[in-house]
file target_9.txt (compact mmCIF, C-alpha atoms)
# COMPACT_ATOMS: atom_id res chain seq x y z
CA MET O 1 52.13 114.91 -108.93
CA LYS O 2 55.72 114.76 -107.81
CA PRO O 3 57.99 115.81 -110.68
CA GLN O 4 60.55 113.27 -111.80
CA ILE O 5 62.55 115.49 -114.11
CA LEU O 6 63.53 119.15 -113.78
CA VAL O 7 64.40 120.80 -117.12
CA VAL O 8 66.57 123.94 -116.85
CA ASP O 9 66.92 125.88 -120.11
CA ASP O 10 66.73 129.59 -120.91
CA ASP O 11 65.61 128.98 -124.49
CA ALA O 12 61.81 128.90 -124.21
CA GLY O 13 61.38 127.05 -127.51
CA SER O 14 63.71 124.21 -126.50
CA ARG O 15 62.43 124.11 -122.92
CA ASN O 16 58.75 123.86 -123.78
CA ALA O 17 59.29 121.35 -126.57
CA LEU O 18 61.40 119.07 -124.36
CA VAL O 19 58.94 119.14 -121.44
CA THR O 20 56.06 118.28 -123.79
CA LEU O 21 58.04 115.39 -125.28
CA LEU O 22 59.00 114.01 -121.87
CA ARG O 23 55.36 114.19 -120.72
CA ASP O 24 54.30 112.41 -123.92
CA GLU O 25 56.76 109.65 -122.98
CA GLY O 26 55.05 109.28 -119.61
CA PHE O 27 57.37 111.26 -117.36
CA THR O 28 56.34 114.04 -115.04
CA ALA O 29 58.49 117.04 -115.88
CA VAL O 30 58.70 120.66 -114.78
CA ALA O 31 60.84 123.44 -116.23
CA VAL O 32 62.56 126.64 -115.14
CA PRO O 33 64.45 129.21 -117.27
CA ASP O 34 67.79 129.46 -115.46
CA GLY O 35 70.06 128.11 -112.74
CA ARG O 36 68.89 130.55 -110.08
CA GLU O 37 65.27 129.57 -110.47
CA ALA O 38 66.33 125.90 -110.50
CA LEU O 39 68.06 126.30 -107.14
CA ASP O 40 65.07 128.21 -105.75
CA TYR O 41 62.75 125.48 -106.98
CA LEU O 42 64.84 122.65 -105.53
CA ARG O 43 64.98 124.34 -102.12
CA VAL O 44 61.20 124.51 -101.71
CA SER O 45 59.80 121.63 -103.80
CA SER O 46 60.03 117.87 -103.72
CA LEU O 47 63.26 116.72 -105.32
CA PRO O 48 63.28 115.37 -108.89
CA GLN O 49 65.05 112.15 -109.79
CA LEU O 50 66.89 113.80 -112.67
CA ILE O 51 67.94 117.27 -113.80
CA VAL O 52 68.29 118.13 -117.51
CA LEU O 53 70.58 121.15 -117.61
CA ASP O 54 71.38 123.70 -120.32
CA LEU O 55 74.78 125.34 -119.82
CA MET O 56 74.83 128.76 -121.46
CA MET O 57 72.15 130.67 -119.58
CA ALA O 58 71.64 134.17 -118.25
CA ASP O 59 72.22 134.91 -114.57
CA VAL O 60 73.19 131.56 -112.94
CA ASP O 61 74.44 129.40 -115.83
CA GLY O 62 74.74 125.59 -115.97
CA TRP O 63 78.27 125.46 -114.57
CA ASP O 64 77.39 127.76 -111.65
CA PHE O 65 74.28 125.72 -110.98
CA ARG O 66 76.24 122.45 -110.93
CA HIS O 67 78.77 123.96 -108.54
CA ALA O 68 76.02 125.08 -106.16
CA GLN O 69 74.19 121.75 -106.51
CA LYS O 70 77.27 119.73 -105.54
CA ARG O 71 77.88 121.92 -102.50
CA ASP O 72 74.41 121.20 -101.15
CA PRO O 73 74.28 117.67 -99.64
CA LYS O 74 70.51 117.51 -100.22
CA LEU O 75 70.91 118.12 -103.95
CA ALA O 76 74.35 116.75 -104.72
CA THR O 77 73.31 113.22 -105.63
CA ILE O 78 70.62 114.14 -108.18
CA PRO O 79 71.99 113.02 -111.57
CA VAL O 80 72.45 115.69 -114.21
CA ILE O 81 72.19 115.33 -117.99
CA ALA O 82 73.77 118.35 -119.69
CA VAL O 83 72.11 119.47 -122.95
CA SER O 84 73.75 122.48 -124.55
CA ALA O 85 74.34 124.25 -127.84
CA ALA O 86 77.95 124.85 -126.79
CA GLY O 87 80.35 123.98 -124.00
CA LYS O 88 80.73 120.91 -121.81
CA LEU O 89 80.03 120.06 -118.20
CA PRO O 90 82.90 117.72 -117.29
CA ASP O 91 81.19 116.07 -114.31
CA ALA O 92 77.74 115.60 -115.90
CA ASP O 93 76.27 112.09 -115.76
CA ALA O 94 75.57 112.34 -119.47
CA GLN O 95 76.14 115.00 -122.09
CA PHE O 96 74.23 115.94 -125.26
CA ARG O 97 74.62 118.59 -127.93
CA LYS O 98 71.74 120.56 -129.40
CA PRO O 99 69.99 119.73 -131.67
CA LEU O 100 69.16 116.77 -129.48
CA ASP O 101 69.19 113.14 -130.66
CA PHE O 102 66.00 112.34 -128.74
CA ASP O 103 66.29 108.54 -128.97
CA LYS O 104 69.75 108.55 -127.40
CA PHE O 105 68.65 111.18 -124.91
CA LEU O 106 65.67 109.03 -123.92
CA GLU O 107 67.97 106.05 -123.35
CA ALA O 108 70.02 108.18 -120.96
CA VAL O 109 66.89 109.46 -119.19
CA ASN O 110 65.68 105.87 -118.73
CA ARG O 111 68.88 105.02 -116.89
CA TYR O 112 67.84 107.35 -114.09
CA VAL O 113 64.07 107.49 -114.14
CA ARG O 114 61.17 105.38 -115.39
CA PRO O 115 57.89 106.70 -116.79
CA THR O 116 55.10 106.93 -114.23
CA PRO O 117 53.03 103.68 -114.35
CA GLU O 118 49.63 105.36 -114.67
CA ARG O 119 50.62 107.10 -117.94
CA MET S 1 90.04 138.83 -134.33
CA ARG S 2 88.96 137.90 -130.80
CA ALA S 3 85.57 139.45 -131.45
CA ARG S 4 85.31 137.48 -134.70
CA ASP S 5 86.23 134.19 -132.97
CA ASP S 6 83.64 134.90 -130.29
CA PHE S 7 81.17 135.61 -133.07
CA LEU S 8 81.69 132.18 -134.66
CA SER S 9 81.16 130.48 -131.31
CA ILE S 10 78.03 132.54 -130.63
CA ALA S 11 76.76 131.89 -134.17
CA SER S 12 76.94 128.14 -133.55
CA HIS S 13 75.11 128.51 -130.24
CA GLU S 14 72.43 130.77 -131.67
CA LEU S 15 71.63 128.57 -134.63
CA ARG S 16 71.53 125.39 -132.56
CA ASN S 17 68.85 126.60 -130.14
CA PRO S 18 66.03 127.21 -132.65
CA LEU S 19 67.19 124.15 -134.60
CA ASN S 20 66.89 122.11 -131.41
CA ALA S 21 63.42 123.43 -130.63
CA LEU S 22 62.32 122.76 -134.21
CA GLN S 23 63.69 119.24 -134.16
CA LEU S 24 62.00 118.45 -130.84
CA GLN S 25 58.64 119.67 -132.16
CA LEU S 26 58.98 117.50 -135.28
CA THR S 27 60.12 114.53 -133.17
CA GLY S 28 57.00 115.04 -131.05
CA ILE S 29 54.75 114.86 -134.11
CA LEU S 30 56.50 111.75 -135.46
CA ARG S 31 56.38 109.94 -132.12
CA ALA S 32 52.70 110.81 -131.69
CA PHE S 33 51.95 109.13 -135.03
CA GLN S 34 54.12 106.13 -134.12
CA ARG S 35 52.27 105.69 -130.82
CA SER S 36 48.75 105.85 -132.21
CA PRO S 37 48.58 106.61 -135.95
CA ASP S 38 44.78 106.91 -135.99
CA ALA S 39 44.28 108.91 -132.83
CA VAL S 40 46.67 111.87 -132.87
CA PRO S 41 44.77 114.90 -131.52
CA LEU S 42 44.58 117.55 -134.24
CA GLU S 43 44.97 120.29 -131.65
CA ASP S 44 48.35 118.85 -130.59
CA ILE S 45 49.53 118.74 -134.18
CA HIS S 46 48.36 122.32 -134.72
CA ASP S 47 50.23 123.54 -131.61
CA ARG S 48 53.41 121.77 -132.62
CA VAL S 49 53.31 123.03 -136.18
CA ALA S 50 52.67 126.57 -134.89
CA GLN S 51 55.66 126.29 -132.54
CA SER S 52 57.78 124.89 -135.38
CA ASP S 53 56.81 127.90 -137.46
CA VAL S 54 58.05 130.23 -134.71
CA GLN S 55 61.40 128.44 -134.69
CA VAL S 56 61.71 128.62 -138.47
CA GLY S 57 61.09 132.37 -138.15
CA ARG S 58 63.91 132.64 -135.59
CA LEU S 59 66.28 130.73 -137.85
CA ALA S 60 65.34 132.87 -140.85
CA ARG S 61 66.02 136.09 -138.92
CA LEU S 62 69.39 134.80 -137.75
CA LEU S 63 70.37 133.77 -141.27
CA ASP S 64 69.15 137.09 -142.70
CA ASN S 65 71.36 138.93 -140.25
CA LEU S 66 74.34 136.76 -141.16
CA LEU S 67 73.83 137.34 -144.88
CA ASP S 68 73.37 141.07 -144.35
CA VAL S 69 76.82 141.40 -142.85
CA SER S 70 78.44 140.50 -146.15
CA ARG S 71 75.83 142.39 -148.20
CA ILE S 72 76.29 145.59 -146.20
CA SER S 73 80.07 145.21 -146.17
CA ALA S 74 80.00 144.84 -149.97
CA GLY S 75 77.58 147.77 -150.34
CA SER S 76 75.11 145.57 -152.17
CA ILE S 77 71.85 145.97 -150.28
CA ALA S 78 69.19 147.50 -152.49
CA LEU S 79 66.48 149.72 -150.99
CA GLU S 80 63.16 149.45 -152.75
CA ARG S 81 60.94 152.29 -151.60
CA GLU S 82 57.19 152.18 -151.64
CA ASP S 83 54.36 153.75 -149.60
CA VAL S 84 54.35 152.00 -146.24
CA ASN S 85 51.99 152.48 -143.30
CA LEU S 86 54.40 152.13 -140.41
CA ALA S 87 51.59 151.66 -137.87
CA ASP S 88 50.32 148.58 -139.75
CA LEU S 89 53.86 147.29 -140.21
CA VAL S 90 54.63 147.57 -136.49
CA GLU S 91 51.36 145.76 -135.64
CA ALA S 92 52.32 142.95 -138.00
CA VAL S 93 55.80 142.60 -136.49
CA ILE S 94 54.32 142.55 -132.98
CA ASP S 95 51.98 139.74 -134.08
CA GLN S 96 54.98 137.74 -135.28
CA PHE S 97 56.67 138.11 -131.91
CA ARG S 98 53.66 137.43 -129.67
CA PRO S 99 54.49 133.72 -129.29
CA GLU S 100 57.97 134.67 -127.98
CA ALA S 101 56.68 137.32 -125.56
CA THR S 102 54.73 136.76 -122.37
CA PRO S 103 50.96 137.33 -122.64
CA GLY S 104 50.15 141.05 -122.59
CA GLN S 105 53.82 142.02 -122.46
CA ILE S 106 53.78 144.26 -125.53
CA THR S 107 51.74 147.47 -125.74
CA PHE S 108 51.59 149.57 -128.91
CA ASN S 109 50.57 153.22 -128.71
CA THR S 110 49.57 154.84 -131.95
CA GLY S 111 46.49 156.73 -132.90
CA HIS S 112 46.75 157.05 -136.67
CA PRO S 113 48.43 155.74 -139.82
CA VAL S 114 52.04 156.88 -140.32
CA ILE S 115 52.81 156.70 -144.01
CA GLY S 116 56.21 157.19 -145.60
CA ARG S 117 58.32 156.10 -148.57
CA TRP S 118 60.43 153.25 -147.20
CA ASP S 119 61.73 149.80 -148.05
CA ARG S 120 59.06 147.67 -146.40
CA LEU S 121 61.24 144.60 -145.78
CA ARG S 122 64.11 146.62 -144.37
CA VAL S 123 61.84 148.59 -142.04
CA GLU S 124 60.35 145.27 -140.88
CA GLN S 125 63.88 144.08 -140.19
CA ILE S 126 64.66 147.23 -138.18
CA VAL S 127 61.53 146.88 -136.04
CA SER S 128 62.10 143.12 -135.63
CA ASN S 129 65.69 143.56 -134.45
CA ILE S 130 64.72 146.19 -131.87
CA LEU S 131 61.69 144.26 -130.60
CA SER S 132 63.62 141.00 -130.49
CA ASN S 133 66.24 142.68 -128.25
CA ALA S 134 63.52 144.15 -126.03
CA ILE S 135 62.08 140.66 -125.47
CA LYS S 136 65.48 139.04 -124.98
CA TYR S 137 66.76 141.56 -122.46
CA GLY S 138 63.38 142.63 -121.08
CA ASN S 139 63.09 140.12 -118.21
CA ASP S 140 59.47 139.38 -119.24
CA ARG S 141 58.48 142.90 -118.11
CA PRO S 142 56.27 145.28 -120.13
CA ILE S 143 57.47 146.57 -123.48
CA VAL S 144 55.89 149.79 -124.71
CA ILE S 145 56.11 150.73 -128.38
CA SER S 146 55.17 154.28 -129.38
CA LEU S 147 54.82 155.72 -132.86
CA ASP S 148 54.21 159.30 -133.90
CA ASP S 149 55.00 161.63 -136.77
CA ASP S 150 55.18 165.26 -137.82
CA HIS S 151 55.14 166.47 -141.41
CA LEU S 152 58.72 165.37 -142.02
CA THR S 153 59.60 162.38 -139.87
CA ALA S 154 58.24 159.27 -138.16
CA ARG S 155 59.43 158.58 -134.61
CA LEU S 156 59.32 155.05 -133.26
CA SER S 157 60.41 154.14 -129.75
CA VAL S 158 60.62 150.74 -128.07
CA LYS S 159 60.90 150.83 -124.29
CA ASP S 160 61.64 147.75 -122.20
CA HIS S 161 62.05 147.40 -118.44
CA GLY S 162 64.81 144.80 -118.45
CA ILE S 163 68.48 144.59 -117.54
CA GLY S 164 69.46 147.93 -119.13
CA ILE S 165 72.81 149.01 -120.55
CA ALA S 166 75.59 151.05 -118.95
CA PRO S 167 76.08 154.44 -120.68
CA GLU S 168 79.69 153.60 -121.60
CA GLN S 169 78.36 150.62 -123.61
CA HIS S 170 75.83 152.57 -125.64
CA GLU S 171 78.01 153.39 -128.65
CA ARG S 172 79.59 149.90 -128.73
CA LEU S 173 76.12 148.37 -129.09
CA PHE S 174 75.96 149.58 -132.67
CA THR S 175 79.36 148.15 -133.58
CA ARG S 176 79.71 144.88 -135.46
CA PHE S 177 80.26 141.79 -133.27
CA GLU S 178 79.86 143.87 -130.11
CA ARG S 179 77.18 143.61 -127.45
CA GLY S 180 76.36 145.20 -124.16
CA VAL S 181 76.39 141.87 -122.28
CA SER S 182 78.36 138.63 -122.20
CA GLY S 183 77.75 136.42 -125.24
CA ALA S 184 77.91 133.34 -123.04
CA ARG S 185 75.00 134.54 -120.96
CA TYR S 186 72.75 136.10 -123.56
CA GLY S 187 72.25 134.77 -127.07
CA GLY S 188 72.71 136.81 -130.21
CA PHE S 189 75.32 137.44 -132.85
CA GLY S 190 76.16 140.97 -131.82
CA LEU S 191 75.04 141.98 -135.30
CA GLY S 192 71.42 143.06 -134.99
CA LEU S 193 72.01 146.62 -133.84
CA TRP S 194 74.90 147.15 -136.24
CA ILE S 195 72.70 146.05 -139.15
CA THR S 196 69.83 148.13 -137.79
CA ARG S 197 71.96 151.27 -137.71
CA GLN S 198 73.25 150.64 -141.25
CA LEU S 199 69.69 150.32 -142.53
CA VAL S 200 68.40 153.34 -140.62
CA ASP S 201 71.35 155.41 -141.89
CA ALA S 202 70.67 154.26 -145.45
CA MET S 203 67.12 155.56 -145.19
CA GLY S 204 68.40 158.91 -143.97
CA GLY S 205 67.27 158.29 -140.38
CA ALA S 206 68.87 158.02 -136.96
CA ILE S 207 68.81 155.55 -134.07
CA SER S 208 69.66 156.24 -130.44
CA VAL S 209 69.39 154.55 -127.07
CA GLU S 210 68.69 155.76 -123.54
CA SER S 211 69.38 153.33 -120.75
CA GLN S 212 70.86 152.70 -117.35
CA PRO S 213 71.73 149.30 -115.84
CA GLY S 214 68.69 147.74 -114.20
CA GLN S 215 66.33 150.37 -115.56
CA GLY S 216 65.52 149.01 -118.99
CA ALA S 217 66.29 150.60 -122.33
CA THR S 218 64.52 152.83 -124.84
CA PHE S 219 65.58 152.61 -128.47
CA SER S 220 64.36 155.51 -130.62
CA ILE S 221 64.33 155.57 -134.38
CA VAL S 222 63.63 158.62 -136.52
CA LEU S 223 62.92 158.04 -140.21
CA PRO S 224 62.24 160.80 -142.76
CA LEU S 225 58.82 160.24 -144.29
CA ARG S 226 60.28 160.86 -147.72
CA GLY S 227 63.90 159.93 -148.32
CA ALA S 228 66.01 160.68 -151.36
CA GLU S 229 63.77 159.86 -154.31
CA ALA S 230 66.34 160.00 -157.10
CA SER S 231 65.55 156.43 -158.02
CA ALA S 232 63.19 153.72 -156.95
CA VAL S 233 66.11 151.46 -156.11
CA GLU S 234 69.11 152.66 -154.17
CA VAL S 235 72.22 150.79 -153.22
CA LEU S 236 73.91 151.28 -149.89
CA ALA S 237 77.28 152.93 -150.34
call {"tool": "encode", "arguments": {"input": "target_9.txt", "output": "structure tokens"}}
result
Amino acid sequence: MKPQILVVDDDAGSRNALVTLLRDEGFTAVAVPDGREALDYLRVSSLPQLIVLDLMMADVDGWDFRHAQKRDPKLATIPVIAVSAAGKLPDADAQFRKPLDFDKFLEAVNRYVRPTPER
Amino acid sequence: MRARDDFLSIASHELRNPLNALQLQLTGILRAFQRSPDAVPLEDIHDRVAQSDVQVGRLARLLDNLLDVSRISAGSIALEREDVNLADLVEAVIDQFRPEATPGQITFNTGHPVIGRWDRLRVEQIVSNILSNAIKYGNDRPIVISLDDDHLTARLSVKDHGIGIAPEQHERLFTRFERGVSGARYGGFGLGLWITRQLVDAMGGAISVESQPGQGATFSIVLPLRGAEASAVEVLA
């Protein structure tokens, strides 16, 4: 099934828990552990409707990813929700601090993507 | 002071990640019960509780390390020696870390019990800190743990195949608030190896590292099988 949400987070505990929660809420979600893998994924897979982005990551971090995303016309318009333990992404469409307030986060997610009807 | 400021920022980051994962797991359980109180799959609950337990373990290790900084600085860590089978202890630590490692990532080579007079909890902490680093910086590649002994000492080595460390960084690794890599890119307080060295020194042992960038790292620890036995409880000076 075509993924609606791409979760990018190098903390495996946070990444896996968030993907499970989003799937429980009826979304299709996939996850990758850093910005480089996110860019690789986006270049070969069908595009998600939303990216949930951690900022402090090894290799290509959230800021580097956002920079590369905005330079690529195919990817630039995908909305980004930043979720991080520290730091801010000034041009994110929404911003959340860990530990995540999931209700408020879900409201933000619902602004960009709706759960798949069959779930 | 700069290193200390960086430390406070990293401390906040490090504590928030396991806290976030823990909160998301608990939120998942609560929402499952809200959706269908009578039909929550037990297997799902078990998985989420198990994952929560892993995160609590991460938080506990981070807090232990934070507390040890002041304890070690004040010279108030007591060593309580007892007979410890290091082979069993290493197996137990590996089991704790399996959920954080990739399947089959960790191999342990030992053929026999290695018994010495050590502080069990502190040796667990030493092995945990080294293995935790190997997983964090190991790029999901194999980690090989070897244990051997002669009549006087036990020798434990943990070899990863990850990002490696430049030789000029090796000594700094064991300094408080220092790390071989950028704090923004890799988590950690920059305390684990400093604490590890303090504990190894206190038990009369030695720790060393061999590594090159891109070629992984091998941390080796030598512990005397029988340390100073003047008293059952020693205090770090």
call {"tool": "interface_residues", "arguments": {"input": "target_9.txt", "of": "chain S", "to": "chain O", "cutoff": "8 Å", "atoms": "all atoms listed in the file", "output": "PyMOL selection string"}}
result
chain S and resi 9+12-14+16-25+27-28+51+55+100+184-186
call {"tool": "atom_distance", "arguments": {"input": "target_9.txt", "atom1": "CA of Arg120 in chain S", "atom2": "CA of Asn65 in chain S"}}
result
16.3 Å
call {"tool": "closest_residue", "arguments": {"input": "target_9.txt", "among": "S:Ile135, S:Val93, S:Ile126, S:Ala87", "to": "Leu191 in chain S", "atoms": "all atoms listed in the file"}}
result
S:Ile126
call {"tool": "atom_distance", "arguments": {"input": "target_9.txt", "atom1": "CA of Leu223 in chain S", "atom2": "CA of Ala154 in chain S"}}
result
5.3 Å
call {"tool": "atom_distance", "arguments": {"input": "target_9.txt", "atom1": "CA of Ala38 in chain O", "atom2": "CA of Asp54 in chain O"}}
result
11.3 Å
call {"tool": "residues_around", "arguments": {"input": "target_9.txt", "residues": "range 105-114 of chain S", "least_positions_apart": "4", "cutoff": "12 Å", "atoms": "only C-alpha atoms", "output": "ChimeraX atom specification"}}
result
/S:83-101,118,131-132,134-135,138-161,223-226
call {"tool": "closest_residue", "arguments": {"input": "target_9.txt", "among": "O:Leu75, O:Leu39, O:Val8, O:Ala94", "to": "Tyr112 in chain O", "atoms": "only C-alpha atoms"}}
result
O:Ala94
call {"tool": "closest_residue", "arguments": {"input": "target_9.txt", "among": "O:Ile81, O:Ala68, O:Val113, O:Val32", "to": "Val52 in chain O", "atoms": "all atoms listed in the file"}}
result
O:Ile81
call {"tool": "closest_residue", "arguments": {"input": "target_9.txt", "among": "O:Leu50, O:Arg43, O:Lys88, O:Ile78", "to": "Trp63 in chain O", "atoms": "only C-alpha atoms"}}
result
O:Lys88
call {"tool": "closest_residue", "arguments": {"input": "target_9.txt", "among": "O:Asp9, O:Lys74, O:Phe105, O:Gln69", "to": "Pro33 in chain O", "atoms": "only C-alpha atoms"}}
result
O:Asp9
